[in-house]
Amino acid sequence: MRYWAYFAAKLVAAAALLYGLLIFLLRELPPAPTLFTYVPPRCGYDLGITLAVMVWFLLCSGTLYFIVWDQRYRCRVCLRRLRMPVETGSWSRMLQFGRPRIEYICAYGHGTLREDEFQISGLGNPEWTPHSDDIWEELCAASKDPGDQT
């Protein structure tokens, strides 16, 4: 829940900032000319205003892309950036090891994000695998023999 609340907060903050920028741009640009009682639309006929709105739209699109990109690489529990990318698999040994993937982990052991290195058939959803709270249990489980009784 915290993960989505953080995402929504980033979207709201960016929307407020960009809307304030749009209001500032529209106030600072010169007013529309009046022909008797007719006021023509500003955006399609005035080059300065059209360019300003286009740059504002590109800034909005880039900000939305950056917010979504940043959110994908955050831990689902603690919201910290995921670290330590590890490449697994190989194109030359794809039948043995599987398709190449990149794994990111949370530095505090909350989980692992696995995503394909290259998407061939459209966008693949990355897989988030949560880990248990006791990271030492998972690390020591691999070194224990099945016959050990400790």
# chains A, B, ... in the order shown; residues from 1 in each chain; ligands from 1
>>> select_by_dssp(residues="chain A", states="strand (DSSP E or B)", output="count of residues only")
25
>>> residues_around(residues="range 16-20 of chain A", least_positions_apart="2", cutoff="12 Å", atoms="only C-alpha atoms", output="PyMOL selection string")
chain A and resi 9-14+22-27+53+55-64
>>> atom_distance(atom1="CA of Arg42 in chain A", atom2="CA of Tyr65 in chain A")
28.2 Å
>>> closest_residue(among="A:Trp4, A:Tyr45, A:Phe36, A:Trp91", to="Gln71 in chain A", atoms="only C-alpha atoms")
A:Trp4
>>> atom_distance(atom1="CA of Ala8 in chain A", atom2="CA of Gly109 in chain A")
24.8 Å
>>> select_by_dssp(residues="range 11-138 of chain A", states="alpha helix (DSSP H)", output="MDAnalysis selection string")
chainID A and resid 11:28 42:45 47:72 94:97 135:138
>>> write_last_selection(atoms="C-alpha atoms", output="PDB file, in the first residue's frame")
ATOM      1  CA  LEU A  11       2.060  12.106  -9.497  1.00  0.00           C
ATOM      2  CA  VAL A  12       0.106  14.693  -7.494  1.00  0.00           C
ATOM      3  CA  ALA A  13       3.234  16.736  -6.745  1.00  0.00           C
ATOM      4  CA  ALA A  14       4.309  16.703 -10.393  1.00  0.00           C
ATOM      5  CA  ALA A  15       0.788  17.606 -11.579  1.00  0.00           C
ATOM      6  CA  ALA A  16       0.597  20.547  -9.174  1.00  0.00           C
ATOM      7  CA  LEU A  17       4.023  21.816 -10.202  1.00  0.00           C
ATOM      8  CA  LEU A  18       3.339  21.463 -13.928  1.00  0.00           C
ATOM      9  CA  TYR A  19      -0.130  23.007 -13.659  1.00  0.00           C
ATOM     10  CA  GLY A  20       1.412  25.963 -11.818  1.00  0.00           C
ATOM     11  CA  LEU A  21       3.958  26.274 -14.628  1.00  0.00           C
ATOM     12  CA  LEU A  22       1.161  26.298 -17.218  1.00  0.00           C
ATOM     13  CA  ILE A  23      -0.720  29.032 -15.347  1.00  0.00           C
ATOM     14  CA  PHE A  24       2.508  31.063 -15.126  1.00  0.00           C
ATOM     15  CA  LEU A  25       3.143  30.645 -18.860  1.00  0.00           C
ATOM     16  CA  LEU A  26      -0.371  31.706 -19.814  1.00  0.00           C
ATOM     17  CA  ARG A  27      -0.192  34.791 -17.573  1.00  0.00           C
ATOM     18  CA  GLU A  28       3.222  35.908 -18.814  1.00  0.00           C
ATOM     19  CA  ARG A  42      -4.562  31.568 -29.034  1.00  0.00           C
ATOM     20  CA  CYS A  43      -3.060  28.117 -29.346  1.00  0.00           C
ATOM     21  CA  GLY A  44      -3.515  27.443 -33.046  1.00  0.00           C
ATOM     22  CA  TYR A  45      -2.739  30.894 -34.429  1.00  0.00           C
ATOM     23  CA  LEU A  47       3.324  30.783 -32.727  1.00  0.00           C
ATOM     24  CA  GLY A  48       4.785  31.795 -29.353  1.00  0.00           C
ATOM     25  CA  ILE A  49       1.902  30.378 -27.354  1.00  0.00           C
ATOM     26  CA  THR A  50       1.764  27.232 -29.495  1.00  0.00           C
ATOM     27  CA  LEU A  51       5.474  26.586 -28.926  1.00  0.00           C
ATOM     28  CA  ALA A  52       5.176  27.267 -25.199  1.00  0.00           C
ATOM     29  CA  VAL A  53       2.264  24.822 -24.843  1.00  0.00           C
ATOM     30  CA  MET A  54       4.139  22.228 -26.915  1.00  0.00           C
ATOM     31  CA  VAL A  55       7.241  22.510 -24.702  1.00  0.00           C
ATOM     32  CA  TRP A  56       5.024  22.297 -21.617  1.00  0.00           C
ATOM     33  CA  PHE A  57       3.358  19.140 -22.995  1.00  0.00           C
ATOM     34  CA  LEU A  58       6.757  17.542 -23.707  1.00  0.00           C
ATOM     35  CA  LEU A  59       7.867  18.426 -20.182  1.00  0.00           C
ATOM     36  CA  CYS A  60       4.701  16.790 -18.783  1.00  0.00           C
ATOM     37  CA  SER A  61       5.283  13.647 -20.852  1.00  0.00           C
ATOM     38  CA  GLY A  62       8.928  13.401 -19.798  1.00  0.00           C
ATOM     39  CA  THR A  63       8.027  13.906 -16.146  1.00  0.00           C
ATOM     40  CA  LEU A  64       5.396  11.167 -16.270  1.00  0.00           C
ATOM     41  CA  TYR A  65       7.868   8.794 -17.959  1.00  0.00           C
ATOM     42  CA  PHE A  66      10.537   9.529 -15.337  1.00  0.00           C
ATOM     43  CA  ILE A  67       8.098   8.985 -12.452  1.00  0.00           C
ATOM     44  CA  VAL A  68       6.973   5.605 -13.805  1.00  0.00           C
ATOM     45  CA  TRP A  69      10.574   4.548 -14.592  1.00  0.00           C
ATOM     46  CA  ASP A  70      11.730   5.535 -11.095  1.00  0.00           C
ATOM     47  CA  GLN A  71       8.843   3.704  -9.440  1.00  0.00           C
ATOM     48  CA  ARG A  72       9.612   0.424 -11.235  1.00  0.00           C
ATOM     49  CA  MET A  94      19.767 -19.933 -23.823  1.00  0.00           C
ATOM     50  CA  LEU A  95      18.521 -23.522 -23.858  1.00  0.00           C
ATOM     51  CA  GLN A  96      20.616 -24.383 -20.787  1.00  0.00           C
ATOM     52  CA  PHE A  97      20.321 -21.272 -18.649  1.00  0.00           C
ATOM     53  CA  ILE A 135      17.681 -12.951   5.563  1.00  0.00           C
ATOM     54  CA  TRP A 136      20.177 -15.131   7.463  1.00  0.00           C
ATOM     55  CA  GLU A 137      17.762 -18.044   7.379  1.00  0.00           C
ATOM     56  CA  GLU A 138      17.673 -17.926   3.580  1.00  0.00           C
TER      57      GLU A 138
END
